[in-house]
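Report on the structure given below.
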Amino acid sequence: MAKKIDTGKIEAFQLLSPVKAPYWGSFNLNRIFQKQFRTGLKGTVSIGEYQIGLYDKVIQTINEWKEGFPGGEKHQLSNGQLGLVKATNKGFANVVFAGVDDKITFGYRGQGQAENDSSNLELAYAITVHKSQGSDFDYVFLVIPKTGRIISRELIYTALTRAKKQLILLIEGDTPQWIINLSKPQFSETAKRNTHLFTYSVREEKHSIPFAEGLIHKTKKEGLLVRSKSEVIIANILVEKEIEFEYEREFIGKNNQKRIPDFTFVDAAGDLIILEHLGMMSWPSYKADWEKKLDFYKENGYKLNDNLFTTTESEKGGIDSLAIESVIKKIEKFI
């Protein structure tokens with residue numbers, strides 16, 4: 001009988017490195033980790049540059065729709081989604097993923113098999129900080145070497161904010177002072193870019209909203225840029241109905257935790273009403289992120305269809321303007 005795997009524990013811990021290639025990079029760390037802690041590994045399959053065996057931790061390396069078994073139904077797997085090898089058989093590694101039903105497995109062909117798709121799977125005891133974006137883990141071990149131009153204030157911040165319970169820093173050198181210096185503005189790679197994002201007051205003046213990364217779609221509201229065409233439709237309907245709103249206004253909840261809602265409104269009592277647009281709910285990682293955000297809202301006194309509203313898209317990215325108008329009419333009653 002196959003061992004039951006709790007996919008919720010796949011993200012219990014993670015080893016992070018700034019890059020993949022050097023000795024202290026994720027590629028070599030995976031080999032070291034596997035050699036030291038997975039002795040007597042059974043049923044290995046040669047995939048890419050790794051020998052991947054039973055119960056090895058792995059990572060999906062591209063976005064793709066992939067056939068799952070049993071059933072043969074295709075599921076959206078995301079670049080960076082973590083999994084565990086549940087079984088190996090006849091040159092295949094069968095993998096279960098976090099965010100997907102643990103009864104569903106996905107097959108990856110080893111070298112020597114026809115139509116090899118091995119490049120889509122790698123070992124994941126250690127992954128790069130870049131691959132970890134959008135994920136969080138109970139325990140994070142972060143390797144920080146002195147060498148490498150990629151080390152920056154932004155990269156370190158991303159890495160430090162991946163841990164939910166405990167963070168263990170493995171810093172090169174006898175003193176951590178050099179890593180503390182990265183908190184200074186002159187070590188910011190973003191600030192060195194030729195951009196007008198960093199002005200005295202970001203989004204303070206409504207007539208001059210800076211061009212932030214991803215804000216590329218113009219709306220009918222003077223100076224307002226949004227991140228998706230769907231959000232353009234929502235913003236334009238709000239403008240046409242002359243409904244006052246703010247886009248991506250920072251929301252601070254309990255314990256000073258912060259979230260960025262898509263659209264916010266103020267009701268007659270001065271309380272905040274939130275509208276979130278859910279654009280990629282067919283993606284397991286996106287859905288999981290939304291569920292965490294929804295839990296955050298609930299903890300802060302928000303209830304769906306009361307003071308928290310959502311609009312959605314179809315699995316193929318289609319949007320229903322009438323459905324959006326229906327949601328906005330509900331919000332209109334409160335403001």
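Following the order of the structure tokens, chains are lettered A, B, ..., residues in each are numbered from 1, and ligands are numbered from 1.
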
As a ChimeraX atom specification, please: every residue in segment 1-195 of chain A that a backbone DSSP assignment puts in helix (DSSP H, G or I). /A:7-9,26-37,118-120,129-132,153-160,177-183,185-187,190-192

Give me the residues within 9 Å of segment 228-233 of chain A as number ranges by chain, counting only C-alpha atoms and dropping any in the same chain fewer than 5 places off. A: 214-220, 238, 262, 277, 279, 313, 318-319, 321, 324

Mind dumping the selected residues with N, CA and C atoms as a tab-separated table (two decimals), in the first residue's frame?
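Here's the written file result.tsv:
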```tsv
chain	number	residue	atom	x	y	z
A	214	GLY	N	4.10	46.91	-13.40
A	214	GLY	CA	2.83	46.22	-13.56
A	214	GLY	C	1.65	47.14	-13.75
A	215	LEU	N	1.78	48.42	-13.41
A	215	LEU	CA	0.68	49.38	-13.58
A	215	LEU	C	0.77	49.96	-14.99
A	216	ILE	N	0.13	49.27	-15.95
A	216	ILE	CA	0.33	49.64	-17.36
A	216	ILE	C	-0.97	49.95	-18.09
A	217	HIS	N	-2.12	49.70	-17.47
A	217	HIS	CA	-3.39	49.86	-18.17
A	217	HIS	C	-4.09	51.15	-17.70
A	218	LYS	N	-4.36	52.04	-18.65
A	218	LYS	CA	-5.00	53.31	-18.32
A	218	LYS	C	-6.50	53.14	-18.15
A	219	THR	N	-7.06	53.87	-17.19
A	219	THR	CA	-8.50	53.85	-16.94
A	219	THR	C	-9.09	55.22	-17.25
A	220	LYS	N	-10.42	55.33	-17.11
A	220	LYS	CA	-11.09	56.62	-17.33
A	220	LYS	C	-10.89	57.58	-16.17
A	238	LEU	N	-16.96	51.96	-12.30
A	238	LEU	CA	-17.04	52.79	-11.09
A	238	LEU	C	-17.02	54.27	-11.44
A	262	ASP	N	-7.64	45.33	-3.96
A	262	ASP	CA	-7.71	45.91	-5.30
A	262	ASP	C	-8.45	47.25	-5.29
A	277	HIS	N	-10.65	41.55	-7.10
A	277	HIS	CA	-10.88	40.85	-8.36
A	277	HIS	C	-10.01	39.60	-8.39
A	279	GLY	N	-8.58	36.87	-10.53
A	279	GLY	CA	-8.38	36.65	-11.95
A	279	GLY	C	-7.86	35.29	-12.37
A	313	GLU	N	-13.14	35.74	-12.93
A	313	GLU	CA	-13.02	35.45	-14.36
A	313	GLU	C	-13.26	33.97	-14.58
A	318	GLY	N	-11.96	34.74	-19.28
A	318	GLY	CA	-13.07	35.57	-19.74
A	318	GLY	C	-13.68	36.35	-18.58
A	319	ILE	N	-14.22	37.53	-18.90
A	319	ILE	CA	-14.81	38.37	-17.87
A	319	ILE	C	-16.22	38.77	-18.27
A	321	SER	N	-19.02	41.45	-17.84
A	321	SER	CA	-19.25	42.84	-17.40
A	321	SER	C	-20.56	42.97	-16.63
A	324	ILE	N	-20.04	41.89	-13.11
A	324	ILE	CA	-19.30	42.92	-12.37
A	324	ILE	C	-20.25	44.04	-11.96
```

Point-to-point distance in Å for atom CA of Gly53 of chain A and atom CA of Asn120 of chain A: 15.8 Å

Do a neighbour search on Gly253 of chain A at 7 Å with only C-alpha atoms, toss out local chain neighbours closer than 4 positions, and write the hits as a PyMOL selection string. chain A and resi 257-258+300

Preceding selection exported with N, CA, C and O atoms as a PDB file, in the first residue's frame:
```pdb
ATOM      1  N   GLN A 257      -0.449  43.656  10.521  1.00  0.00           N
ATOM      2  CA  GLN A 257      -0.309  42.932   9.260  1.00  0.00           C
ATOM      3  C   GLN A 257      -0.930  43.758   8.139  1.00  0.00           C
ATOM      4  O   GLN A 257      -1.972  44.390   8.324  1.00  0.00           O
ATOM      5  N   LYS A 258      -0.295  43.731   6.959  1.00  0.00           N
ATOM      6  CA  LYS A 258      -0.727  44.591   5.858  1.00  0.00           C
ATOM      7  C   LYS A 258      -1.155  43.765   4.643  1.00  0.00           C
ATOM      8  O   LYS A 258      -0.570  42.729   4.345  1.00  0.00           O
ATOM      9  N   ASN A 300     -10.177  40.084  10.496  1.00  0.00           N
ATOM     10  CA  ASN A 300     -10.285  41.524  10.728  1.00  0.00           C
ATOM     11  C   ASN A 300     -11.720  42.038  10.554  1.00  0.00           C
ATOM     12  O   ASN A 300     -11.934  43.223  10.316  1.00  0.00           O
TER      13      ASN A 300
END
```

Would you mind telling me which residue in A:Ile47, A:Leu84, A:Ala124, A:Val100 lies nearest to Ser285 of chain A when using only C-alpha atoms?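 Comparing A:Ile47, A:Leu84, A:Ala124, A:Val100 against Ser285 of chain A, the winner is A:Val100.
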
Determine the nearest neighbour of Phe106 of chain A from the options A:Ala87, A:Leu123, A:Val327, A:Leu160, counting only C-alpha atoms. A:Ala87

Can you tell me which residues surround Val239 of chain A at a distance of at most 8 Å, considering only C-alpha atoms, apart from same-chain residues fewer than 4 positions away, and format the answer as a ChimeraX atom specification? /A:220-221,235,243-244

Extract, using only C-alpha atoms, all DNA, RNA and protein residues at most 7 Å from segment 11-22 of chain A, discarding same-chain residues fewer than 3 positions from it, and format them as a ChimeraX atom specification. /A:8,25-27,125-129,137-144

Nearest to Lys293 of chain A among A:Arg259, A:Lys9, A:Lys333, A:Arg109, with distances taken over only C-alpha atoms: which residue is it? A:Arg259

DSSP on the backbone: which residues in segment 149-179 of chain A end up as strand (DSSP E or B)? Give the answer as a PyMOL selection string. chain A and resi 163-171

Resulting file, chosen residues, all heavy atoms, as a PDB file, in the first residue's frame:
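This is the output file again-v1.pdb:
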```pdb
ATOM      1  N   ALA A 163       9.416  33.333   5.791  1.00  0.00           N
ATOM      2  CA  ALA A 163       9.224  32.482   6.968  1.00  0.00           C
ATOM      3  C   ALA A 163       8.011  32.903   7.779  1.00  0.00           C
ATOM      4  O   ALA A 163       7.820  34.084   8.056  1.00  0.00           O
ATOM      5  CB  ALA A 163      10.476  32.520   7.843  1.00  0.00           C
ATOM      6  N   LYS A 164       7.180  31.925   8.188  1.00  0.00           N
ATOM      7  CA  LYS A 164       6.020  32.198   9.019  1.00  0.00           C
ATOM      8  C   LYS A 164       6.312  31.992  10.506  1.00  0.00           C
ATOM      9  O   LYS A 164       5.789  32.710  11.349  1.00  0.00           O
ATOM     10  CB  LYS A 164       4.857  31.283   8.605  1.00  0.00           C
ATOM     11  CG  LYS A 164       4.302  31.588   7.230  1.00  0.00           C
ATOM     12  CD  LYS A 164       3.012  30.827   6.965  1.00  0.00           C
ATOM     13  CE  LYS A 164       3.271  29.325   6.819  1.00  0.00           C
ATOM     14  NZ  LYS A 164       2.030  28.599   6.443  1.00  0.00           N
ATOM     15  N   LYS A 165       7.149  31.001  10.840  1.00  0.00           N
ATOM     16  CA  LYS A 165       7.410  30.690  12.247  1.00  0.00           C
ATOM     17  C   LYS A 165       8.847  30.988  12.665  1.00  0.00           C
ATOM     18  O   LYS A 165       9.083  31.583  13.709  1.00  0.00           O
ATOM     19  CB  LYS A 165       7.096  29.211  12.525  1.00  0.00           C
ATOM     20  CG  LYS A 165       5.622  28.863  12.420  1.00  0.00           C
ATOM     21  CD  LYS A 165       5.384  27.400  12.775  1.00  0.00           C
ATOM     22  CE  LYS A 165       3.902  27.051  12.706  1.00  0.00           C
ATOM     23  NZ  LYS A 165       3.654  25.615  13.012  1.00  0.00           N
ATOM     24  N   GLN A 166       9.800  30.557  11.848  1.00  0.00           N
ATOM     25  CA  GLN A 166      11.201  30.735  12.254  1.00  0.00           C
ATOM     26  C   GLN A 166      12.100  30.903  11.028  1.00  0.00           C
ATOM     27  O   GLN A 166      11.901  30.255   9.998  1.00  0.00           O
ATOM     28  CB  GLN A 166      11.683  29.531  13.070  1.00  0.00           C
ATOM     29  CG  GLN A 166      13.061  29.730  13.700  1.00  0.00           C
ATOM     30  CD  GLN A 166      13.434  28.592  14.644  1.00  0.00           C
ATOM     31  OE1 GLN A 166      12.809  27.539  14.637  1.00  0.00           O
ATOM     32  NE2 GLN A 166      14.436  28.794  15.467  1.00  0.00           N
ATOM     33  N   LEU A 167      13.074  31.787  11.160  1.00  0.00           N
ATOM     34  CA  LEU A 167      14.045  32.057  10.101  1.00  0.00           C
ATOM     35  C   LEU A 167      15.443  31.808  10.639  1.00  0.00           C
ATOM     36  O   LEU A 167      15.822  32.340  11.696  1.00  0.00           O
ATOM     37  CB  LEU A 167      13.920  33.510   9.632  1.00  0.00           C
ATOM     38  CG  LEU A 167      14.978  34.016   8.656  1.00  0.00           C
ATOM     39  CD1 LEU A 167      14.808  33.350   7.293  1.00  0.00           C
ATOM     40  CD2 LEU A 167      14.888  35.532   8.504  1.00  0.00           C
ATOM     41  N   ILE A 168      16.228  30.981   9.931  1.00  0.00           N
ATOM     42  CA  ILE A 168      17.607  30.700  10.322  1.00  0.00           C
ATOM     43  C   ILE A 168      18.524  31.259   9.240  1.00  0.00           C
ATOM     44  O   ILE A 168      18.437  30.862   8.074  1.00  0.00           O
ATOM     45  CB  ILE A 168      17.856  29.183  10.487  1.00  0.00           C
ATOM     46  CG1 ILE A 168      16.999  28.628  11.624  1.00  0.00           C
ATOM     47  CG2 ILE A 168      19.334  28.922  10.785  1.00  0.00           C
ATOM     48  CD1 ILE A 168      15.677  28.101  11.193  1.00  0.00           C
ATOM     49  N   LEU A 169      19.391  32.207   9.613  1.00  0.00           N
ATOM     50  CA  LEU A 169      20.307  32.840   8.665  1.00  0.00           C
ATOM     51  C   LEU A 169      21.663  32.154   8.709  1.00  0.00           C
ATOM     52  O   LEU A 169      22.242  31.968   9.788  1.00  0.00           O
ATOM     53  CB  LEU A 169      20.471  34.326   8.998  1.00  0.00           C
ATOM     54  CG  LEU A 169      19.213  35.190   8.950  1.00  0.00           C
ATOM     55  CD1 LEU A 169      19.549  36.624   9.338  1.00  0.00           C
ATOM     56  CD2 LEU A 169      18.579  35.154   7.573  1.00  0.00           C
ATOM     57  N   LEU A 170      22.172  31.794   7.544  1.00  0.00           N
ATOM     58  CA  LEU A 170      23.500  31.199   7.406  1.00  0.00           C
ATOM     59  C   LEU A 170      24.347  32.198   6.624  1.00  0.00           C
ATOM     60  O   LEU A 170      24.384  32.193   5.404  1.00  0.00           O
ATOM     61  CB  LEU A 170      23.401  29.849   6.687  1.00  0.00           C
ATOM     62  CG  LEU A 170      22.427  28.838   7.317  1.00  0.00           C
ATOM     63  CD1 LEU A 170      22.234  27.632   6.435  1.00  0.00           C
ATOM     64  CD2 LEU A 170      22.887  28.424   8.699  1.00  0.00           C
ATOM     65  N   ILE A 171      25.019  33.097   7.374  1.00  0.00           N
ATOM     66  CA  ILE A 171      25.707  34.232   6.773  1.00  0.00           C
ATOM     67  C   ILE A 171      27.204  33.983   6.709  1.00  0.00           C
ATOM     68  O   ILE A 171      27.817  33.583   7.709  1.00  0.00           O
ATOM     69  CB  ILE A 171      25.426  35.521   7.585  1.00  0.00           C
ATOM     70  CG1 ILE A 171      23.924  35.774   7.683  1.00  0.00           C
ATOM     71  CG2 ILE A 171      26.112  36.715   6.951  1.00  0.00           C
ATOM     72  CD1 ILE A 171      23.549  36.925   8.573  1.00  0.00           C
TER      73      ILE A 171
END
```
